[in-house]
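Here is the structure we will look at.
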Amino acid sequence: MCGVYGVKNAALCLYRSLFSLQHRGQEGAGMVVSDGSRIRTCKGSGLVSDVFSRATLDNLTGYMGIGHVRYSTTGSPRPENVQPLVVECVDGVWAVAHNGNLVNAANLRQMYQESGSIFQTSTDSEILLHLLADPMYRHRPGRVCRALSELEGSFSFVLMTVDCIMAARDRFGFRPLSLGRLGTGYVVASETCALAQVGAVYERDIEPGELLVIDSSGLHSHVFAERQGASFSHCVFELVYFARPDSQVFGECVHNVRVEYGRRLAREHPAAADIVIGVPDSGSLAALGFAHESGIPLDYGFIRNHYIGRTFIMPEESGRAEGVDLKIAVVPHVVRGKRVVVVDDSIVRGTTARRRVAALREAGAKEIHMRVSCPPTVFPCFFGIDFPTKDELIASRKSIEEIRDFLKVDSLGYLSCENLLAPLRRRADYCVACFTGNYSVDISAMTGKKALELFPRESVLID
Ligand code: SF4
């Protein structure tokens, strides 16, 4: 998710930013661009490179815009759900793009539907547009702040009207959102790697509870939610898995944190082995740290095919299973006859890890010691990471010894929660709910991923 203001070719700038954010979602991509008087939109299913052509970008003229890559945590992968969502209100066009999960979206949606509102998508994000269009907010000062303050859960938003862009982050700061300077213009993006991609200089993060408005008169910061309680709830899984290693997230260098997790894992769960291999890509840096700390040589026992997506964020189970078979191959000469430490970033259902272990055995690995750079994932996420239900999470049903047995590895060790937080500068400011079950937001109103699809329907695109 990104936004730009005051740049010469907004569409090209958004394209480059989205390209570097592709790891955050691969189901769809879109952008909305304005020249100050007219708004132009392009979006579709698939990767950034599938959706935008040179000719499309040339037609998206303007000096400001917002863009999004979709990774669904509510709603199916149907085309209407691709963002930015664009609507026409009585006072003009609004566009919105969202990362996260709104835990009260179903309740708010039902309230609006009962009073006659029509929804176009099955995403939680659309509710913000209804709040903005509601006369209760529309005619009052601080309209956007008031609308945002109605939302509960995790959100980083970029919004746009014909002549300004806005960026907002929920009061817990679950998802990252950063501001950069590009010449006399501005760029906001989910990760700093997108700022670097377009040559923008990182300025600061959007603060939790802040709405930042960028228009011809400059930057205007507003507070829509005061800090409550002692701490924030930054998603620690961004550091473990989700963010790109060249990004700075929540003030931490993702690369360094992952290497440090590997070092701590080696101290917490040492293994007598001949080589250390990482599961690419997000296990690779923890494997490097494990190798440095243990003195066991690092090798490349897995080869990843980079031409298909990250299986974890494929929406359907069938896609996930097929993707794994295509995605990672064992290098037999590296592992044959060896005692191997395999470092992965997480184990969710366990089926993928089990398949990889079987492939290593088939290739001749003598012993396999699995090490995981986060604690057992016992609880689902309701704040923007698409974990399966609790029953599907292997660690919610089995003890560590039972998981070891299921995976068919010689030993298994997870990083402790203490070591997960220890290297972080503001360790009290992190969400670790998927490991502990301590959610910082009331999730009782939260429903399933497709709960907003009361009347399932299909869209058929005709060329
Ligand atoms: S529950 Fe886990 S994945 Fe979800 S926001 Fe918290 S730390 Fe991140």
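Ordering of the structure tokens sets the chain letters (A, B, ...); residue numbers start at 1 within each chain; ligands are numbered from 1 in the order shown.
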Taking 2 positions as the minimum chain separation for residues in the same chain, which residues sit within 12 Å of His68 (chain A) when counting only C-alpha atoms? Answer as number ranges by chain. A: 1-3, 14-32, 41-48, 51, 65-66, 70-72, 81-85, 95-99, 156-159, 188-190, 194
Can you write just those residues out, C-alpha atoms, as a PDB file, in the first residue's frame?
ATOM      1  CA  MET A   1       0.000   0.000   0.000  1.00  0.00           C
ATOM      2  CA  CYS A   2       1.414   3.389  -0.906  1.00  0.00           C
ATOM      3  CA  GLY A   3       0.565   6.976  -1.760  1.00  0.00           C
ATOM      4  CA  LEU A  14       3.249   4.134  -7.518  1.00  0.00           C
ATOM      5  CA  TYR A  15       4.089   1.316  -9.914  1.00  0.00           C
ATOM      6  CA  ARG A  16       7.651   1.112  -8.622  1.00  0.00           C
ATOM      7  CA  SER A  17       6.496   1.298  -5.009  1.00  0.00           C
ATOM      8  CA  LEU A  18       3.905  -1.416  -5.520  1.00  0.00           C
ATOM      9  CA  PHE A  19       6.464  -3.572  -7.265  1.00  0.00           C
ATOM     10  CA  SER A  20       8.671  -3.501  -4.186  1.00  0.00           C
ATOM     11  CA  LEU A  21       5.646  -4.246  -1.975  1.00  0.00           C
ATOM     12  CA  GLN A  22       4.581  -7.243  -4.051  1.00  0.00           C
ATOM     13  CA  HIS A  23       5.523  -9.649  -1.241  1.00  0.00           C
ATOM     14  CA  ARG A  24       2.677  -8.128   0.826  1.00  0.00           C
ATOM     15  CA  GLY A  25      -0.024  -9.373  -1.539  1.00  0.00           C
ATOM     16  CA  GLN A  26      -0.346 -11.083  -4.871  1.00  0.00           C
ATOM     17  CA  GLU A  27      -4.068 -11.487  -5.486  1.00  0.00           C
ATOM     18  CA  GLY A  28      -4.606  -8.109  -7.090  1.00  0.00           C
ATOM     19  CA  ALA A  29      -3.146  -4.662  -7.608  1.00  0.00           C
ATOM     20  CA  GLY A  30      -4.512  -1.227  -8.312  1.00  0.00           C
ATOM     21  CA  MET A  31      -3.855   2.469  -8.327  1.00  0.00           C
ATOM     22  CA  VAL A  32      -5.841   5.688  -8.455  1.00  0.00           C
ATOM     23  CA  THR A  41      -8.174   4.288 -11.891  1.00  0.00           C
ATOM     24  CA  CYS A  42      -6.623   1.003 -12.991  1.00  0.00           C
ATOM     25  CA  LYS A  43      -6.847  -2.243 -11.072  1.00  0.00           C
ATOM     26  CA  GLY A  44      -7.154  -5.959 -11.618  1.00  0.00           C
ATOM     27  CA  SER A  45      -6.394  -9.444 -10.374  1.00  0.00           C
ATOM     28  CA  GLY A  46      -2.840 -10.738 -10.341  1.00  0.00           C
ATOM     29  CA  LEU A  47       0.632  -9.332  -9.888  1.00  0.00           C
ATOM     30  CA  VAL A  48       1.638  -5.703 -10.371  1.00  0.00           C
ATOM     31  CA  VAL A  51      -2.113  -5.474 -14.087  1.00  0.00           C
ATOM     32  CA  GLY A  65      -2.251   8.931  -6.160  1.00  0.00           C
ATOM     33  CA  ILE A  66      -2.597   5.861  -3.997  1.00  0.00           C
ATOM     34  CA  ARG A  70      -4.133  -7.229  -2.236  1.00  0.00           C
ATOM     35  CA  TYR A  71      -3.632  -9.990   0.312  1.00  0.00           C
ATOM     36  CA  SER A  72      -7.081 -10.976   1.489  1.00  0.00           C
ATOM     37  CA  ASN A  81     -12.413  -6.599  -3.770  1.00  0.00           C
ATOM     38  CA  VAL A  82      -9.222  -5.345  -5.409  1.00  0.00           C
ATOM     39  CA  GLN A  83      -8.239  -1.964  -3.987  1.00  0.00           C
ATOM     40  CA  PRO A  84      -8.119   1.029  -3.972  1.00  0.00           C
ATOM     41  CA  LEU A  85     -11.903   1.189  -3.642  1.00  0.00           C
ATOM     42  CA  ALA A  95     -10.538   6.390  -2.854  1.00  0.00           C
ATOM     43  CA  VAL A  96      -9.311   4.140  -0.094  1.00  0.00           C
ATOM     44  CA  ALA A  97      -6.737   1.366   0.342  1.00  0.00           C
ATOM     45  CA  HIS A  98      -6.342  -0.643   3.531  1.00  0.00           C
ATOM     46  CA  ASN A  99      -3.977  -3.072   5.281  1.00  0.00           C
ATOM     47  CA  SER A 156      -3.230   1.345   7.991  1.00  0.00           C
ATOM     48  CA  PHE A 157      -5.134   3.367   5.394  1.00  0.00           C
ATOM     49  CA  VAL A 158      -4.205   5.572   2.498  1.00  0.00           C
ATOM     50  CA  LEU A 159      -7.071   7.733   1.231  1.00  0.00           C
ATOM     51  CA  VAL A 188       3.854   7.029   2.097  1.00  0.00           C
ATOM     52  CA  ALA A 189       4.269   3.260   2.026  1.00  0.00           C
ATOM     53  CA  SER A 190       3.701   0.137   4.083  1.00  0.00           C
ATOM     54  CA  ALA A 194       9.120   1.067  -1.271  1.00  0.00           C
TER      55      ALA A 194
END
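The binding environment of ligand 1, defined as every protein, DNA or RNA residue with an atom no more than 6 Å away and counting only C-alpha atoms and all ligand atoms, comprises Cys235, Val236, Phe237, Cys381, Phe382, Phe383, Ile385, Cys431, Val432, Ala433 and Cys434 of chain A.
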What would the file look like if the residues just selected were written as a PDB file, in the first residue's frame with all heavy atoms?
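Dumped to part14.pdb:
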ATOM      1  N   CYS A 235       2.753  -5.602  15.089  1.00  0.00           N
ATOM      2  CA  CYS A 235       2.735  -7.044  14.760  1.00  0.00           C
ATOM      3  C   CYS A 235       4.164  -7.580  14.667  1.00  0.00           C
ATOM      4  O   CYS A 235       4.900  -7.254  13.731  1.00  0.00           O
ATOM      5  CB  CYS A 235       2.016  -7.259  13.426  1.00  0.00           C
ATOM      6  SG  CYS A 235       2.157  -8.960  12.836  1.00  0.00           S
ATOM      7  N   VAL A 236       4.538  -8.429  15.608  1.00  0.00           N
ATOM      8  CA  VAL A 236       5.909  -8.949  15.611  1.00  0.00           C
ATOM      9  C   VAL A 236       6.144  -9.886  14.424  1.00  0.00           C
ATOM     10  O   VAL A 236       7.286 -10.093  13.989  1.00  0.00           O
ATOM     11  CB  VAL A 236       6.215  -9.652  16.959  1.00  0.00           C
ATOM     12  CG1 VAL A 236       5.590 -11.047  17.029  1.00  0.00           C
ATOM     13  CG2 VAL A 236       7.710  -9.719  17.227  1.00  0.00           C
ATOM     14  N   PHE A 237       5.055 -10.393  13.847  1.00  0.00           N
ATOM     15  CA  PHE A 237       5.179 -11.308  12.711  1.00  0.00           C
ATOM     16  C   PHE A 237       5.684 -10.579  11.455  1.00  0.00           C
ATOM     17  O   PHE A 237       6.208 -11.213  10.544  1.00  0.00           O
ATOM     18  CB  PHE A 237       3.830 -11.983  12.455  1.00  0.00           C
ATOM     19  CG  PHE A 237       3.961 -13.373  11.903  1.00  0.00           C
ATOM     20  CD1 PHE A 237       4.560 -14.390  12.633  1.00  0.00           C
ATOM     21  CD2 PHE A 237       3.493 -13.685  10.644  1.00  0.00           C
ATOM     22  CE1 PHE A 237       4.698 -15.663  12.120  1.00  0.00           C
ATOM     23  CE2 PHE A 237       3.617 -14.959  10.121  1.00  0.00           C
ATOM     24  CZ  PHE A 237       4.228 -15.945  10.856  1.00  0.00           C
ATOM     25  N   CYS A 381      -4.776 -15.091  13.906  1.00  0.00           N
ATOM     26  CA  CYS A 381      -4.598 -13.632  13.890  1.00  0.00           C
ATOM     27  C   CYS A 381      -5.887 -12.986  13.400  1.00  0.00           C
ATOM     28  O   CYS A 381      -6.456 -13.421  12.401  1.00  0.00           O
ATOM     29  CB  CYS A 381      -3.451 -13.256  12.961  1.00  0.00           C
ATOM     30  SG  CYS A 381      -3.271 -11.474  12.773  1.00  0.00           S
ATOM     31  N   PHE A 382      -6.315 -11.921  14.074  1.00  0.00           N
ATOM     32  CA  PHE A 382      -7.487 -11.158  13.630  1.00  0.00           C
ATOM     33  C   PHE A 382      -7.089  -9.759  13.184  1.00  0.00           C
ATOM     34  O   PHE A 382      -7.924  -8.877  13.074  1.00  0.00           O
ATOM     35  CB  PHE A 382      -8.520 -11.081  14.763  1.00  0.00           C
ATOM     36  CG  PHE A 382      -9.032 -12.431  15.189  1.00  0.00           C
ATOM     37  CD1 PHE A 382      -8.520 -13.060  16.312  1.00  0.00           C
ATOM     38  CD2 PHE A 382      -9.992 -13.091  14.432  1.00  0.00           C
ATOM     39  CE1 PHE A 382      -8.979 -14.316  16.700  1.00  0.00           C
ATOM     40  CE2 PHE A 382     -10.457 -14.344  14.813  1.00  0.00           C
ATOM     41  CZ  PHE A 382      -9.949 -14.964  15.941  1.00  0.00           C
ATOM     42  N   PHE A 383      -5.796  -9.570  12.950  1.00  0.00           N
ATOM     43  CA  PHE A 383      -5.304  -8.214  12.706  1.00  0.00           C
ATOM     44  C   PHE A 383      -4.510  -8.078  11.416  1.00  0.00           C
ATOM     45  O   PHE A 383      -3.624  -7.231  11.318  1.00  0.00           O
ATOM     46  CB  PHE A 383      -4.461  -7.750  13.907  1.00  0.00           C
ATOM     47  CG  PHE A 383      -5.152  -7.956  15.228  1.00  0.00           C
ATOM     48  CD1 PHE A 383      -4.537  -8.662  16.253  1.00  0.00           C
ATOM     49  CD2 PHE A 383      -6.424  -7.447  15.447  1.00  0.00           C
ATOM     50  CE1 PHE A 383      -5.170  -8.859  17.470  1.00  0.00           C
ATOM     51  CE2 PHE A 383      -7.073  -7.639  16.657  1.00  0.00           C
ATOM     52  CZ  PHE A 383      -6.451  -8.355  17.673  1.00  0.00           C
ATOM     53  N   ILE A 385      -3.037 -10.849   9.335  1.00  0.00           N
ATOM     54  CA  ILE A 385      -2.259 -11.956   8.783  1.00  0.00           C
ATOM     55  C   ILE A 385      -3.219 -13.127   8.636  1.00  0.00           C
ATOM     56  O   ILE A 385      -3.948 -13.466   9.567  1.00  0.00           O
ATOM     57  CB  ILE A 385      -1.070 -12.349   9.688  1.00  0.00           C
ATOM     58  CG1 ILE A 385      -0.112 -11.169   9.887  1.00  0.00           C
ATOM     59  CG2 ILE A 385      -0.326 -13.547   9.089  1.00  0.00           C
ATOM     60  CD1 ILE A 385       0.741 -10.789   8.699  1.00  0.00           C
ATOM     61  N   CYS A 431       2.506  -6.869  19.557  1.00  0.00           N
ATOM     62  CA  CYS A 431       1.481  -7.904  19.641  1.00  0.00           C
ATOM     63  C   CYS A 431       2.168  -9.258  19.475  1.00  0.00           C
ATOM     64  O   CYS A 431       2.962  -9.443  18.556  1.00  0.00           O
ATOM     65  CB  CYS A 431       0.459  -7.702  18.524  1.00  0.00           C
ATOM     66  SG  CYS A 431      -0.743  -9.052  18.426  1.00  0.00           S
ATOM     67  N   VAL A 432       1.850 -10.186  20.381  1.00  0.00           N
ATOM     68  CA  VAL A 432       2.331 -11.569  20.247  1.00  0.00           C
ATOM     69  C   VAL A 432       1.148 -12.522  20.444  1.00  0.00           C
ATOM     70  O   VAL A 432       1.304 -13.647  20.909  1.00  0.00           O
ATOM     71  CB  VAL A 432       3.480 -11.886  21.253  1.00  0.00           C
ATOM     72  CG1 VAL A 432       4.765 -11.188  20.854  1.00  0.00           C
ATOM     73  CG2 VAL A 432       3.101 -11.507  22.683  1.00  0.00           C
ATOM     74  N   ALA A 433      -0.051 -12.029  20.075  1.00  0.00           N
ATOM     75  CA  ALA A 433      -1.277 -12.766  20.398  1.00  0.00           C
ATOM     76  C   ALA A 433      -1.355 -14.140  19.743  1.00  0.00           C
ATOM     77  O   ALA A 433      -1.965 -15.051  20.298  1.00  0.00           O
ATOM     78  CB  ALA A 433      -2.482 -11.925  20.005  1.00  0.00           C
ATOM     79  N   CYS A 434      -0.757 -14.301  18.560  1.00  0.00           N
ATOM     80  CA  CYS A 434      -0.850 -15.620  17.923  1.00  0.00           C
ATOM     81  C   CYS A 434      -0.017 -16.666  18.669  1.00  0.00           C
ATOM     82  O   CYS A 434      -0.167 -17.861  18.432  1.00  0.00           O
ATOM     83  CB  CYS A 434      -0.469 -15.552  16.443  1.00  0.00           C
ATOM     84  SG  CYS A 434       1.014 -14.626  16.114  1.00  0.00           S
TER      85      CYS A 434
END
Mind checking which residues fall within 9 Å of region 136-144 of chain A, counting only C-alpha atoms, ignoring those fewer than 5 positions away in the same chain, and posting them as JSON, numbers by chain? {"A": [91, 131, 149, 211, 222, 224]}
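The closest residue to Arg40 (chain A), picked from A:Thr123, A:Asn419, A:Thr389, A:Thr161 and counting only C-alpha atoms, is A:Thr161.
Minimum atom-to-atom distances from A:Arg339, A:Arg244, A:His306, A:Arg264 to Ala365 (chain A) were compared using only C-alpha atoms, and the lowest value belongs to A:Arg339.
Take the candidates A:Thr61, A:Asn305, A:Ser346, A:Asn101 and check each one against Leu326 (chain A) using only C-alpha atoms; the shortest distance goes to A:Asn305.
Proximity of A:Gly62, A:Pro270, A:Pro135, A:Gly183 to Asn9 (chain A), computed with only C-alpha atoms, is greatest for A:Gly62.
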I want to know what sits within 6 Å of Thr192 (chain A), based on only C-alpha atoms, with residues of the same chain fewer than 2 positions away left out; could you give that as an mmCIF file with C-alpha atoms, in the first residue's frame?
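Once everything was written out, this is selection-v5.cif:
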data_model
loop_
_atom_site.group_PDB
_atom_site.id
_atom_site.type_symbol
_atom_site.label_atom_id
_atom_site.label_comp_id
_atom_site.auth_asym_id
_atom_site.auth_seq_id
_atom_site.Cartn_x
_atom_site.Cartn_y
_atom_site.Cartn_z
ATOM 1 C CA ALA A 194 9.120 1.067 -1.271
ATOM 2 C CA LEU A 195 10.480 4.499 -0.352
ATOM 3 C CA SER A 247 12.897 -2.532 5.247
ATOM 4 C CA GLN A 248 12.963 -0.748 8.536
#
Need the shell around Leu265 (chain A): protein/DNA/RNA residues with any atom at most 7 Å away, counting only C-alpha atoms. Skip same-chain ones fewer than 3 positions apart. Format as a PDB file with N, CA, C and O atoms, in the first residue's frame?
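The resulting file, around-v6.pdb, is reproduced below:
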ATOM      1  N   TYR A 261      17.458 -13.386  15.685  1.00  0.00           N
ATOM      2  CA  TYR A 261      16.589 -14.503  16.073  1.00  0.00           C
ATOM      3  C   TYR A 261      17.299 -15.839  15.854  1.00  0.00           C
ATOM      4  O   TYR A 261      17.207 -16.754  16.666  1.00  0.00           O
ATOM      5  N   GLY A 262      18.043 -15.945  14.759  1.00  0.00           N
ATOM      6  CA  GLY A 262      18.790 -17.179  14.483  1.00  0.00           C
ATOM      7  C   GLY A 262      19.867 -17.425  15.526  1.00  0.00           C
ATOM      8  O   GLY A 262      20.065 -18.562  15.982  1.00  0.00           O
ATOM      9  N   GLU A 268      19.413 -21.198  22.318  1.00  0.00           N
ATOM     10  CA  GLU A 268      18.288 -21.814  23.028  1.00  0.00           C
ATOM     11  C   GLU A 268      18.148 -23.300  22.703  1.00  0.00           C
ATOM     12  O   GLU A 268      17.815 -24.111  23.564  1.00  0.00           O
ATOM     13  N   HIS A 269      18.374 -23.641  21.435  1.00  0.00           N
ATOM     14  CA  HIS A 269      18.201 -25.033  20.988  1.00  0.00           C
ATOM     15  C   HIS A 269      19.384 -25.459  20.120  1.00  0.00           C
ATOM     16  O   HIS A 269      19.264 -25.591  18.893  1.00  0.00           O
ATOM     17  N   PHE A 290      21.916 -18.514  12.970  1.00  0.00           N
ATOM     18  CA  PHE A 290      22.141 -19.807  13.643  1.00  0.00           C
ATOM     19  C   PHE A 290      23.544 -20.315  13.315  1.00  0.00           C
ATOM     20  O   PHE A 290      24.290 -20.790  14.195  1.00  0.00           O
ATOM     21  N   SER A 373      12.103 -19.869  13.990  1.00  0.00           N
ATOM     22  CA  SER A 373      12.511 -18.578  14.548  1.00  0.00           C
ATOM     23  C   SER A 373      11.357 -17.772  15.140  1.00  0.00           C
ATOM     24  O   SER A 373      11.393 -16.541  15.153  1.00  0.00           O
ATOM     25  N   LEU A 415      11.915 -20.767  18.924  1.00  0.00           N
ATOM     26  CA  LEU A 415      12.374 -19.597  19.669  1.00  0.00           C
ATOM     27  C   LEU A 415      11.340 -19.284  20.749  1.00  0.00           C
ATOM     28  O   LEU A 415      10.124 -19.339  20.483  1.00  0.00           O
TER      29      LEU A 415
END
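When only C-alpha atoms are used to compute distances to Glu191 (chain A), the closest of the residues A:Lys390, A:Arg204, A:Arg38, A:Arg263 turns out to be A:Arg204.
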All residues 7 Å or closer to Val187 (chain A), only C-alpha atoms, same chain fewer than 6 positions away omitted, as a PyMOL selection string: chain A and resi 3-5+179-181+195+200
Where in region 212-251 of chain A does DSSP assign strand (DSSP E or B), given as a list in words? Leu212, Val213, Ile214, Asp215, Gly218, Leu219, His220, Ser221, His222, Val223, His234, Cys235, Gln248 and Val249 of chain A
Give me a file of those residues, with N, CA, C and O atoms, as a CSV table (one decimal), in the first residue's frame.
chain,number,residue,atom,x,y,z
A,212,LEU,N,-2.6,11.8,8.7
A,212,LEU,CA,-1.7,12.7,8.1
A,212,LEU,C,-2.3,13.1,6.8
A,212,LEU,O,-2.7,12.3,5.9
A,213,VAL,N,-2.6,14.4,6.6
A,213,VAL,CA,-3.2,14.9,5.3
A,213,VAL,C,-2.1,15.6,4.6
A,213,VAL,O,-1.4,16.5,5.1
A,214,ILE,N,-2.0,15.3,3.3
A,214,ILE,CA,-1.0,16.0,2.4
A,214,ILE,C,-1.7,16.6,1.3
A,214,ILE,O,-2.4,16.0,0.5
A,215,ASP,N,-1.6,17.9,1.2
A,215,ASP,CA,-2.2,18.7,0.1
A,215,ASP,C,-1.3,19.8,-0.4
A,215,ASP,O,-0.1,19.9,0.1
A,218,GLY,N,0.9,21.5,2.2
A,218,GLY,CA,1.9,20.8,2.9
A,218,GLY,C,1.3,19.6,3.7
A,218,GLY,O,0.3,19.1,3.4
A,219,LEU,N,2.0,19.3,4.9
A,219,LEU,CA,1.6,18.2,5.7
A,219,LEU,C,0.8,18.7,6.9
A,219,LEU,O,1.1,19.7,7.5
A,220,HIS,N,-0.3,18.0,7.2
A,220,HIS,CA,-1.1,18.4,8.4
A,220,HIS,C,-1.4,17.1,9.2
A,220,HIS,O,-2.0,16.2,8.7
A,221,SER,N,-1.0,17.2,10.4
A,221,SER,CA,-1.1,16.0,11.3
A,221,SER,C,-2.3,16.2,12.2
A,221,SER,O,-2.4,17.2,12.9
A,222,HIS,N,-3.1,15.1,12.3
A,222,HIS,CA,-4.2,15.2,13.3
A,222,HIS,C,-4.2,13.9,14.1
A,222,HIS,O,-3.8,12.8,13.6
A,223,VAL,N,-4.7,14.0,15.3
A,223,VAL,CA,-4.8,12.8,16.2
A,223,VAL,C,-6.3,12.4,16.2
A,223,VAL,O,-7.1,13.2,16.6
A,234,HIS,N,2.4,-3.5,17.9
A,234,HIS,CA,3.0,-3.7,16.5
A,234,HIS,C,3.1,-5.2,16.3
A,234,HIS,O,3.4,-6.0,17.2
A,235,CYS,N,2.8,-5.6,15.1
A,235,CYS,CA,2.7,-7.0,14.8
A,235,CYS,C,4.2,-7.6,14.7
A,235,CYS,O,4.9,-7.3,13.7
A,248,GLN,N,12.9,-1.1,7.1
A,248,GLN,CA,13.0,-0.7,8.5
A,248,GLN,C,11.5,-0.7,9.0
A,248,GLN,O,10.7,0.1,8.5
A,249,VAL,N,11.2,-1.6,10.0
A,249,VAL,CA,9.8,-1.7,10.4
A,249,VAL,C,9.7,-1.5,11.9
A,249,VAL,O,10.5,-2.1,12.6
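Of note, CA of Gly100 (chain A) and CA of Leu151 (chain A) are spaced 11.5 Å apart.
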Cut-off 12 Å: closest region 131-212 of chain A/region 437-442 of chain A atom pairs per residue, using only C-alpha atoms, as JSON lines:
{"residue": "A:Leu151", "atom": "CA", "partner": "A:Val441", "partner_atom": "CA", "distance": 11.4}
{"residue": "A:Glu152", "atom": "CA", "partner": "A:Val441", "partner_atom": "CA", "distance": 7.7}
{"residue": "A:Gly153", "atom": "CA", "partner": "A:Val441", "partner_atom": "CA", "distance": 6.4}
{"residue": "A:Ser154", "atom": "CA", "partner": "A:Val441", "partner_atom": "CA", "distance": 8.9}
{"residue": "A:Asp170", "atom": "CA", "partner": "A:Val441", "partner_atom": "CA", "distance": 11.3}
{"residue": "A:Arg171", "atom": "CA", "partner": "A:Val441", "partner_atom": "CA", "distance": 10.7}
{"residue": "A:Phe172", "atom": "CA", "partner": "A:Ser440", "partner_atom": "CA", "distance": 8.4}
{"residue": "A:Gly173", "atom": "CA", "partner": "A:Ser440", "partner_atom": "CA", "distance": 11.4}
{"residue": "A:Phe174", "atom": "CA", "partner": "A:Ser440", "partner_atom": "CA", "distance": 10.2}
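Note that the spacing between CA of Leu128 (chain A) and CA of Met160 (chain A) amounts to 12.5 Å.
Excluding Phe250 (chain A) itself and any same-chain residue fewer than 3 positions from it, the protein and nucleic acid residues within 9 Å of it, counting only C-alpha atoms, are Gly173, Arg175, Pro176, Leu177, Asp205, His234, Leu239 and Cys253 of chain A.
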